[in-house]
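Peer 1: So here's input-v3.txt, just compact mmCIF, C-alpha atoms:
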# COMPACT_ATOMS: atom_id res chain seq x y z
CA MET A 177 20.21 41.54 -3.93
CA MET A 178 17.57 40.18 -1.51
CA LYS A 179 14.89 42.45 -3.08
CA LYS A 180 15.81 41.27 -6.58
CA THR A 181 15.70 37.63 -5.48
CA LEU A 182 12.32 38.05 -3.83
CA ALA A 183 10.99 39.88 -6.90
CA PHE A 184 12.17 37.05 -9.15
CA ILE A 185 10.57 34.41 -6.91
CA PHE A 186 7.32 36.37 -6.85
CA ALA A 187 7.32 36.75 -10.67
CA ALA A 188 8.02 33.02 -11.08
CA ALA A 189 5.14 32.20 -8.73
CA VAL A 190 2.77 34.42 -10.73
CA LEU A 191 3.83 32.75 -13.98
CA ALA A 192 3.35 29.31 -12.45
CA ALA A 193 -0.14 30.21 -11.24
CA CYS A 194 -1.09 31.57 -14.67
CA SER A 195 0.24 28.46 -16.37
CA GLU A 196 -1.67 26.14 -14.05
CA ASP A 197 -4.88 28.01 -14.91
CA LYS A 198 -4.17 27.14 -18.56
CA GLY A 199 -3.28 23.52 -17.86
CA ILE A 200 0.40 24.10 -18.63
CA GLN A 201 3.11 22.24 -16.73
CA PHE A 202 6.45 23.97 -17.15
CA PHE A 203 9.56 21.80 -17.34
CA PRO A 204 11.57 22.01 -14.11
CA SER A 205 14.89 23.82 -14.06
CA ASP A 206 16.81 20.84 -12.65
CA LYS A 207 16.35 19.00 -15.98
CA PHE A 208 18.28 21.78 -17.73
CA GLU A 209 20.81 23.07 -15.23
CA THR A 210 24.32 21.98 -16.18
CA THR A 211 27.59 23.37 -17.48
CA VAL A 212 28.81 23.01 -21.08
CA ASP A 213 32.30 24.14 -22.03
CA GLY A 214 32.53 25.68 -18.57
CA LYS A 215 29.44 27.88 -19.02
CA GLN A 216 26.18 27.68 -17.10
CA VAL A 217 23.09 26.33 -18.88
CA GLY A 218 19.53 26.78 -17.65
CA ILE A 219 15.93 27.10 -18.78
CA TYR A 220 13.96 30.36 -18.92
CA THR A 221 10.19 30.86 -18.93
CA LEU A 222 8.35 33.58 -20.86
CA GLU A 223 4.62 34.32 -20.87
CA ALA A 224 2.39 37.00 -22.42
CA GLY A 225 -1.11 37.13 -23.82
CA ASP A 226 -2.35 33.60 -24.44
CA ILE A 227 1.06 31.98 -25.03
CA ALA A 228 3.88 30.66 -22.88
CA MET A 229 7.34 29.49 -23.82
CA GLN A 230 10.47 27.95 -22.33
CA VAL A 231 13.95 28.51 -23.73
CA THR A 232 17.37 27.11 -22.87
CA ASN A 233 20.49 29.18 -23.48
CA PHE A 234 22.19 26.10 -24.95
CA GLY A 235 21.79 26.94 -28.62
CA ALA A 236 19.16 29.58 -27.72
CA ARG A 237 16.64 26.78 -28.18
CA VAL A 238 12.89 27.08 -27.80
CA VAL A 239 12.15 23.96 -25.76
CA ALA A 240 8.36 24.35 -25.52
CA LEU A 241 5.69 26.74 -26.78
CA TRP A 242 2.10 26.46 -25.55
CA THR A 243 -0.84 28.01 -27.42
CA PRO A 244 -4.62 27.44 -27.14
CA ASP A 245 -6.89 25.90 -29.76
CA ARG A 246 -10.27 27.36 -30.69
CA ASN A 247 -11.77 25.82 -27.53
CA GLY A 248 -9.08 27.19 -25.26
CA LYS A 249 -7.23 23.89 -24.84
CA TYR A 250 -3.46 24.31 -24.67
CA GLU A 251 -0.87 22.18 -26.48
CA ASP A 252 2.88 22.44 -26.79
CA ILE A 253 3.29 23.05 -30.53
CA VAL A 254 7.08 22.84 -31.01
CA LEU A 255 9.31 19.80 -31.07
CA GLY A 256 11.95 19.40 -28.38
CA TYR A 257 13.36 17.33 -25.54
CA ASN A 258 12.52 17.42 -21.84
CA ASN A 259 16.12 17.51 -20.59
CA ILE A 260 19.37 19.19 -21.57
CA ASN A 261 21.35 15.99 -22.12
CA ASP A 262 19.34 15.01 -25.19
CA TYR A 263 20.20 18.37 -26.78
CA VAL A 264 23.89 18.30 -25.83
CA ASP A 265 24.26 14.68 -26.97
CA ASN A 266 22.48 15.49 -30.25
CA LYS A 267 20.00 12.67 -29.56
CA GLY A 268 18.19 12.67 -32.88
CA GLU A 269 17.43 15.92 -34.70
CA ARG A 270 20.17 18.45 -34.03
CA PHE A 271 18.41 21.72 -34.79
CA LEU A 272 15.20 21.45 -32.74
CA GLY A 273 14.16 24.96 -31.68
CA ALA A 274 17.63 26.42 -32.16
CA VAL A 275 19.14 29.54 -33.61
CA VAL A 276 21.22 28.48 -36.64
CA GLY A 277 24.24 30.19 -38.09
CA PRO A 278 26.45 32.08 -38.48
CA TYR A 279 25.25 31.00 -41.92
CA ALA A 280 21.81 29.37 -41.90
CA ASN A 281 21.03 26.86 -44.64
CA ARG A 282 23.73 25.59 -47.03
CA ILE A 283 27.04 26.76 -48.44
CA ALA A 284 28.21 24.68 -51.41
CA GLY A 285 31.36 22.62 -51.03
CA GLY A 286 32.22 23.99 -47.60
CA HIS A 287 34.10 26.86 -49.22
CA ILE A 288 33.89 30.66 -49.09
CA GLU A 289 36.03 33.38 -50.63
CA ILE A 290 36.38 37.06 -49.68
CA ASP A 291 38.66 39.48 -51.53
CA GLY A 292 40.50 36.61 -53.17
CA LYS A 293 41.20 34.76 -49.93
CA SER A 294 39.62 31.33 -49.30
CA TRP A 295 38.31 29.67 -46.16
CA SER A 296 37.30 26.04 -45.68
CA LEU A 297 34.21 25.21 -43.64
CA PRO A 298 33.08 21.84 -42.25
CA LYS A 299 31.26 19.67 -44.81
CA ASN A 300 28.61 18.41 -42.43
CA ASN A 301 25.83 17.67 -44.94
CA ASN A 302 26.47 15.66 -48.12
CA GLY A 303 29.67 17.54 -48.86
CA GLN A 304 28.11 20.93 -48.05
CA THR A 305 28.14 23.19 -44.99
CA LEU A 306 24.74 23.26 -43.24
CA HIS A 307 23.58 25.74 -40.59
CA GLY A 308 27.05 26.93 -39.62
CA GLY A 309 28.98 23.67 -39.52
CA LEU A 310 29.94 21.20 -36.82
CA LYS A 311 29.56 23.59 -33.89
CA GLY A 312 27.31 26.36 -35.12
CA LEU A 313 25.28 28.74 -32.99
CA ASP A 314 23.02 25.86 -31.97
CA MET A 315 25.69 23.90 -30.07
CA VAL A 316 27.15 26.67 -27.91
CA VAL A 317 26.09 28.26 -24.63
CA TRP A 318 24.74 31.79 -25.04
CA ASP A 319 25.23 34.41 -22.34
CA VAL A 320 22.03 35.62 -20.69
CA VAL A 321 22.03 39.42 -20.85
CA SER A 322 18.59 39.89 -19.27
CA HIS A 323 15.38 37.99 -18.55
CA ASN A 324 11.94 39.09 -17.42
CA ASP A 325 8.40 37.72 -17.66
CA SER A 326 8.14 38.13 -21.43
CA THR A 327 11.63 38.79 -22.81
CA LEU A 328 14.97 36.99 -22.94
CA VAL A 329 18.09 38.70 -24.32
CA LEU A 330 21.08 36.53 -25.22
CA SER A 331 24.55 37.21 -26.61
CA TYR A 332 27.41 35.22 -28.07
CA VAL A 333 30.72 36.08 -29.70
CA HIS A 334 31.41 33.58 -32.48
CA PRO A 335 35.23 33.53 -32.37
CA ASP A 336 37.44 34.05 -35.39
CA GLY A 337 38.11 30.68 -37.01
CA GLN A 338 35.32 28.73 -35.32
CA ASP A 339 34.08 26.28 -37.95
CA GLY A 340 36.35 28.14 -40.38
CA TYR A 341 34.51 31.48 -40.47
CA PRO A 342 36.67 34.62 -40.44
CA GLY A 343 36.15 37.38 -37.91
CA ASN A 344 34.91 37.65 -34.35
CA ILE A 345 31.14 37.90 -34.85
CA ASP A 346 29.43 39.63 -31.92
CA ILE A 347 25.77 38.57 -31.87
CA ARG A 348 22.91 39.77 -29.70
CA MET A 349 19.46 38.27 -30.01
CA THR A 350 16.11 38.78 -28.29
CA TYR A 351 13.15 36.46 -27.80
CA ALA A 352 10.04 38.44 -26.85
CA LEU A 353 6.37 37.59 -26.35
CA ASN A 354 3.64 40.24 -26.31
CA SER A 355 -0.05 40.59 -25.53
CA GLY A 356 -0.88 40.21 -29.23
CA ASN A 357 0.27 36.58 -29.07
CA GLU A 358 3.38 37.31 -31.06
CA PHE A 359 6.76 35.66 -30.62
CA THR A 360 9.40 38.01 -32.01
CA VAL A 361 12.97 36.94 -32.73
CA SER A 362 15.43 39.75 -33.43
CA TYR A 363 19.14 39.64 -34.16
CA ALA A 364 21.97 42.14 -34.42
CA ALA A 365 25.56 41.22 -35.31
CA THR A 366 28.85 43.00 -35.94
CA THR A 367 32.26 41.73 -36.98
CA ASP A 368 35.91 42.80 -36.84
CA ALA A 369 36.72 41.21 -40.23
CA PRO A 370 34.70 40.64 -43.43
CA THR A 371 32.58 37.52 -43.09
CA PHE A 372 29.28 36.01 -44.19
CA VAL A 373 26.26 36.15 -41.85
CA ASN A 374 22.77 34.74 -42.35
CA ILE A 375 21.16 33.76 -39.03
CA SER A 376 17.75 32.10 -38.62
CA HIS A 377 15.41 30.45 -36.15
CA HIS A 378 14.69 26.73 -36.47
CA SER A 379 11.67 25.70 -34.42
CA PHE A 380 9.75 22.73 -35.79
CA PHE A 381 6.01 23.37 -35.44
CA ASN A 382 3.10 20.97 -35.20
CA LEU A 383 -0.04 23.03 -34.62
CA LYS A 384 -1.85 19.92 -33.35
CA GLY A 385 0.76 19.56 -30.62
CA GLU A 386 4.10 17.77 -30.57
CA GLY A 387 3.70 14.18 -31.75
CA ASN A 388 -0.01 14.56 -32.50
CA GLY A 389 -0.03 13.68 -36.19
CA THR A 390 0.60 14.80 -39.74
CA ILE A 391 1.13 18.34 -41.01
CA LEU A 392 -0.03 17.36 -44.52
CA ASP A 393 -3.60 18.54 -43.81
CA ASN A 394 -2.36 21.98 -42.69
CA VAL A 395 -3.34 24.82 -45.03
CA MET A 396 -0.32 26.82 -46.19
CA THR A 397 -0.01 30.27 -47.73
CA ILE A 398 3.34 31.76 -48.82
CA ASN A 399 3.60 35.29 -50.15
CA ALA A 400 6.08 34.41 -52.89
CA GLY A 401 5.99 34.13 -56.66
CA HIS A 402 9.45 32.60 -57.04
CA THR A 403 11.79 30.03 -55.52
CA THR A 404 15.50 29.28 -55.88
CA PRO A 405 15.63 25.76 -57.40
CA VAL A 406 18.15 23.29 -55.97
CA ASP A 407 20.11 20.22 -57.03
CA LYS A 408 20.00 16.85 -55.26
CA TYR A 409 22.28 18.23 -52.53
CA LEU A 410 19.85 21.16 -51.99
CA ILE A 411 22.31 23.69 -53.38
CA PRO A 412 20.73 26.49 -55.47
CA SER A 413 21.48 26.61 -59.18
CA GLY A 414 21.32 30.41 -59.15
CA GLU A 415 18.02 30.50 -61.03
CA ILE A 416 15.06 32.50 -59.71
CA ALA A 417 12.11 30.37 -60.83
CA ASP A 418 8.48 31.38 -61.27
CA VAL A 419 6.15 29.18 -59.18
CA THR A 420 3.13 29.62 -61.46
CA GLY A 421 1.61 26.27 -62.37
CA THR A 422 3.87 24.31 -59.98
CA PRO A 423 3.42 22.64 -56.58
CA PHE A 424 5.40 25.57 -55.14
CA ASP A 425 2.68 28.15 -55.73
CA PHE A 426 1.17 28.87 -52.32
CA ARG A 427 0.04 32.40 -53.10
CA GLU A 428 -3.45 30.97 -52.72
CA PRO A 429 -4.03 28.54 -49.80
CA HIS A 430 -3.33 24.84 -50.37
CA THR A 431 -2.93 21.96 -47.97
CA ILE A 432 0.69 20.90 -47.66
CA GLY A 433 -0.14 17.35 -48.76
CA GLU A 434 -2.23 18.33 -51.79
CA ARG A 435 0.68 18.39 -54.26
CA ILE A 436 3.66 17.10 -52.28
CA GLY A 437 3.50 13.69 -53.98
CA GLU A 438 3.46 15.00 -57.55
CA GLU A 439 6.17 14.01 -60.01
CA ASN A 440 8.39 17.05 -59.89
CA GLU A 441 12.18 17.29 -59.98
CA GLN A 442 12.33 19.88 -57.23
CA LEU A 443 10.08 17.86 -54.92
CA ALA A 444 12.27 14.82 -55.61
CA ASN A 445 15.45 16.76 -54.83
CA GLY A 446 14.03 17.99 -51.53
CA GLY A 447 12.25 14.79 -50.55
CA GLY A 448 9.19 17.04 -50.41
CA TYR A 449 9.26 20.73 -49.55
CA ASP A 450 12.68 21.92 -48.39
CA HIS A 451 13.14 25.05 -50.46
CA ASN A 452 13.76 28.77 -50.36
CA TRP A 453 10.86 31.03 -51.41
CA VAL A 454 11.67 34.54 -52.66
CA LEU A 455 9.13 36.71 -50.89
CA ASP A 456 7.00 39.27 -52.72
CA ARG A 457 8.00 42.29 -50.68
CA LYS A 458 6.69 45.83 -50.89
CA THR A 459 9.65 47.38 -49.04
CA SER A 460 13.34 46.64 -48.70
CA ASN A 461 13.62 46.36 -44.92
CA GLU A 462 10.24 46.63 -43.19
CA VAL A 463 8.58 43.69 -41.39
CA GLU A 464 5.98 42.25 -43.79
CA PHE A 465 3.74 39.22 -44.09
CA ALA A 466 5.58 36.13 -45.36
CA ALA A 467 3.46 33.02 -44.75
CA SER A 468 0.68 31.40 -42.75
CA VAL A 469 -0.24 27.89 -41.65
CA TYR A 470 -3.73 26.90 -40.52
CA GLU A 471 -4.51 23.62 -38.74
CA PRO A 472 -8.24 22.99 -39.29
CA ALA A 473 -8.89 20.44 -36.50
CA SER A 474 -7.62 22.68 -33.69
CA GLY A 475 -8.24 25.99 -35.42
CA ARG A 476 -4.69 27.13 -34.66
CA LEU A 477 -3.25 29.71 -37.03
CA LEU A 478 0.43 30.63 -37.34
CA GLU A 479 1.41 33.73 -39.32
CA VAL A 480 5.01 34.68 -40.12
CA PHE A 481 6.29 38.22 -40.69
CA THR A 482 9.84 39.29 -41.46
CA ASP A 483 12.14 41.97 -42.82
CA GLN A 484 14.17 39.35 -44.69
CA PRO A 485 13.89 38.62 -48.44
CA ALA A 486 13.21 34.89 -48.22
CA LEU A 487 11.66 32.00 -46.33
CA GLN A 488 12.72 28.36 -46.14
CA PHE A 489 9.74 26.02 -45.78
CA TYR A 490 10.66 22.49 -44.69
CA SER A 491 7.99 19.80 -44.43
CA GLY A 492 9.74 17.45 -41.98
CA ASN A 493 10.88 15.02 -44.67
CA PHE A 494 13.81 13.48 -42.81
CA PHE A 495 12.25 12.58 -39.47
CA ASN A 496 12.02 8.80 -39.06
CA GLY A 497 10.36 8.23 -35.67
CA LYS A 498 13.50 6.76 -34.10
CA SER A 499 13.72 9.50 -31.47
CA SER A 500 10.96 10.76 -29.20
CA GLY A 501 10.08 14.23 -28.00
CA LYS A 502 9.23 15.75 -24.63
CA TYR A 503 6.12 13.64 -24.06
CA GLY A 504 7.46 10.27 -25.20
CA LYS A 505 5.87 10.45 -28.66
CA PRO A 506 8.01 9.59 -31.70
CA LEU A 507 9.14 12.46 -33.94
CA ARG A 508 7.78 11.10 -37.20
CA TYR A 509 8.01 11.79 -40.92
CA ARG A 510 6.12 14.92 -41.94
CA GLU A 511 4.67 15.56 -38.51
CA SER A 512 6.31 18.97 -38.17
CA LEU A 513 7.36 21.91 -40.31
CA ALA A 514 9.95 24.68 -40.16
CA LEU A 515 9.53 28.24 -41.42
CA GLU A 516 12.95 29.93 -41.45
CA THR A 517 13.18 33.58 -42.45
CA GLN A 518 16.50 34.27 -44.11
CA LYS A 519 18.55 35.53 -47.01
CA TYR A 520 19.08 33.03 -49.80
CA PRO A 521 21.04 29.78 -49.33
CA ASP A 522 24.57 29.70 -50.77
CA SER A 523 24.53 33.44 -51.47
CA PRO A 524 28.36 33.66 -51.29
CA HIS A 525 28.48 31.75 -54.59
CA HIS A 526 25.74 33.65 -56.47
CA ARG A 527 26.21 37.30 -57.32
CA ASN A 528 22.55 37.65 -58.31
CA PHE A 529 21.44 36.72 -54.75
CA PRO A 530 21.15 39.30 -51.95
CA SER A 531 24.57 39.78 -50.36
CA THR A 532 25.26 38.20 -46.98
CA LEU A 533 28.70 39.79 -46.61
CA LEU A 534 29.08 41.63 -43.30
CA LEU A 535 31.86 44.21 -43.07
CA PRO A 536 33.46 45.84 -40.02
CA GLY A 537 31.52 48.95 -39.10
CA ASP A 538 28.24 47.55 -40.45
CA THR A 539 25.50 45.79 -38.47
CA TYR A 540 23.53 42.74 -39.56
CA THR A 541 19.92 42.93 -38.37
CA HIS A 542 17.03 40.51 -38.79
CA THR A 543 13.51 40.40 -37.34
CA CYS A 544 11.10 37.47 -37.51
CA VAL A 545 7.63 37.50 -35.94
CA TYR A 546 5.54 34.37 -35.35
CA ARG A 547 1.96 35.41 -34.59
CA PHE A 548 -0.42 32.83 -33.10
CA GLY A 549 -4.21 32.83 -33.24
CA VAL A 550 -7.25 30.69 -33.93
CA LYS A 551 -10.09 30.68 -36.40
Now that the file is in, can you turn its structure into structure tokens?
Peer 2:
Amino acid sequence: MMKKTLAFIFAAAVLAACSEDKGIQFFPSDKFETTVDGKQVGIYTLEAGDIAMQVTNFGARVVALWTPDRNGKYEDIVLGYNNINDYVDNKGERFLGAVVGPYANRIAGGHIEIDGKSWSLPKNNNGQTLHGGLKGLDMVVWDVVSHNDSTLVLSYVHPDGQDGYPGNIDIRMTYALNSGNEFTVSYAATTDAPTFVNISHHSFFNLKGEGNGTILDNVMTINAGHTTPVDKYLIPSGEIADVTGTPFDFREPHTIGERIGEENEQLANGGGYDHNWVLDRKTSNEVEFAASVYEPASGRLLEVFTDQPALQFYSGNFFNGKSSGKYGKPLRYRESLALETQKYPDSPHHRNFPSTLLLPGDTYTHTCVYRFGVK
């Protein structure tokens, strides 16, 4: 035990020295150490290549993520809070940096049906179920399976009946950084009863740094020729719509703000971009390119790869500046974006959408890679 403790202290000291060389100040553990529902909460530091990250096991949340600009200057490019209480108390924006599920995105009417039997879910968003419900994977304490310099493995058993979902859902997820400046999120889940599973990661990115201005001048590319149009409650109609000639065509690069103000029913329904893109995939289950975002002032580039069929792009339309992030700067309207790899929203109600039904004996898997660079 003494050898393991000394090794951990030595590794932490090395990480701290590396971070100081980069101008990074990690958030201290005493701001995150507490108990929630009788389980221990803490903060965990990862570092590899040119990036560093801190994660709390409350909601498996990415608290901070530092990357360099083209001149080597580091900024923390995800939104978050600098203490655990603001997360637990749901200070402003609930889903900052969290894993969301067991069903990411929306389920219409808070209702699911399997084999003729119905279950009611919490209607926590305009009469719909959003990101799992009232508790969700973001508001629970995950067990820490293992942690080293660059990898954190977490697990959680979502109990039968929590937020109305059937089955005990046993979930294991890994956050890993590598020397290629990639942040990989991987999930695996099993169940003891038929249930619906669609898990995703919900960091809000600002490639200028948290609180440092608009994302509307960011250049976006999305490898998708179709979207799933939504109504005013952001529930899909079931249509798979061609993006050609619309503000949703990002197959060629466009700034996010270039067409976001156009008169368009879908933009009006989402308050901007808050939609599911159907990715143009070459394979059924390999990790492939999905999207990229380039911030021209800093030169930061974020590329997204996944084995999932779809991507939700959200342009920060509902932030209002009333809450502040880690550095005391307001979290303002359209000053961050989310890129959530996923299956389609509300798939349980649309037979033409990819199935999200997980059966006993099967395993749900999902990989998302965020690759960081500069140009």
Peer 1: So that I can see what lies close to stretch 519-530 of chain A, please list as an MDAnalysis selection string the residues with an atom at most 7 Å from it, counting only C-alpha atoms and leaving out residues fewer than 3 positions away in the same chain.
Peer 2: chainID A and resid 281:284 288 374 411:412 414 452 484:486
Peer 1: Write out the residues from the selection above, keeping C-alpha atoms, as a PDB file, in the coordinates of the input.
Peer 2:
ATOM      1  CA  ASN A 281      21.030  26.860 -44.640  1.00  0.00           C
ATOM      2  CA  ARG A 282      23.730  25.590 -47.030  1.00  0.00           C
ATOM      3  CA  ILE A 283      27.040  26.760 -48.440  1.00  0.00           C
ATOM      4  CA  ALA A 284      28.210  24.680 -51.410  1.00  0.00           C
ATOM      5  CA  ILE A 288      33.890  30.660 -49.090  1.00  0.00           C
ATOM      6  CA  ASN A 374      22.770  34.740 -42.350  1.00  0.00           C
ATOM      7  CA  ILE A 411      22.310  23.690 -53.380  1.00  0.00           C
ATOM      8  CA  PRO A 412      20.730  26.490 -55.470  1.00  0.00           C
ATOM      9  CA  GLY A 414      21.320  30.410 -59.150  1.00  0.00           C
ATOM     10  CA  ASN A 452      13.760  28.770 -50.360  1.00  0.00           C
ATOM     11  CA  GLN A 484      14.170  39.350 -44.690  1.00  0.00           C
ATOM     12  CA  PRO A 485      13.890  38.620 -48.440  1.00  0.00           C
ATOM     13  CA  ALA A 486      13.210  34.890 -48.220  1.00  0.00           C
TER      14      ALA A 486
END
Peer 1: One number please: atom CA of A:Ser355 to atom CA of A:Asp226, in Å, one decimal.
Peer 2: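 These two atoms are separated by 7.4 Å.
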Peer 1: What is the distance, in Å and to one decimal place, between atom CA of A:Val239 and atom CA of A:Asn302?
Peer 2: 27.8 Å
Peer 1: Using only C-alpha atoms, give me every residue within 12 Å of (17.4, 17.9, -23.1) in file coordinates, as a PyMOL selection string.
Peer 2: chain A and resi 203-210+217-219+231-235+237-240+255-270+272-273+500-502
Peer 1: Within 8 Å of A:Leu222, counting all atoms listed in the file, which residues qualify if same-chain residues fewer than 6 places away don't, as a tab-separated table (two decimals) with C-alpha atoms, keeping the file's coordinate frame?
Peer 2:
chain	number	residue	atom	x	y	z
A	228	ALA	CA	3.88	30.66	-22.88
A	229	MET	CA	7.34	29.49	-23.82
A	230	GLN	CA	10.47	27.95	-22.33
A	324	ASN	CA	11.94	39.09	-17.42
A	325	ASP	CA	8.40	37.72	-17.66
A	326	SER	CA	8.14	38.13	-21.43
A	327	THR	CA	11.63	38.79	-22.81
A	328	LEU	CA	14.97	36.99	-22.94
A	352	ALA	CA	10.04	38.44	-26.85
A	353	LEU	CA	6.37	37.59	-26.35
Peer 1: Interatomic distance between atom CA of A:Phe494 and atom CA of A:Glu511?
Peer 2: 10.3 Å
Peer 1: Under the rule that all atoms listed in the file are counted, which of A:Asn382, A:Val212, A:Pro278, A:Glu358 is the nearest residue to A:Asp336?
Peer 2: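 Selected residue with least distance to A:Asp336: A:Pro278.
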Peer 1: Closest to A:His377 among A:Asn445, A:Thr517, A:Asn399, A:Thr532, using all atoms listed in the file?
Peer 2: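 Among A:Asn445, A:Thr517, A:Asn399, A:Thr532, it is A:Thr517 that comes nearest to A:His377.
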Peer 1: Which polymer residues have any atom within 9 Å of an atom of A:Leu534, counting all atoms listed in the file, with same-chain residues fewer than 3 positions away left out, as a list in words?
Peer 2: Ala365, Thr366, Thr367, Ala369, Pro370, Thr371, Phe372, Val373, Ser531, Gly537, Asp538, Thr539 and Tyr540 of chain A
Peer 1: Please provide the set of residues having any atom within 12 Å of A:Gln442, restricted to only C-alpha atoms, with same-chain residues fewer than 3 positions apart removed, written as a ChimeraX atom specification.
Peer 2: /A:403-413,417,419,422-424,436-439,445-452
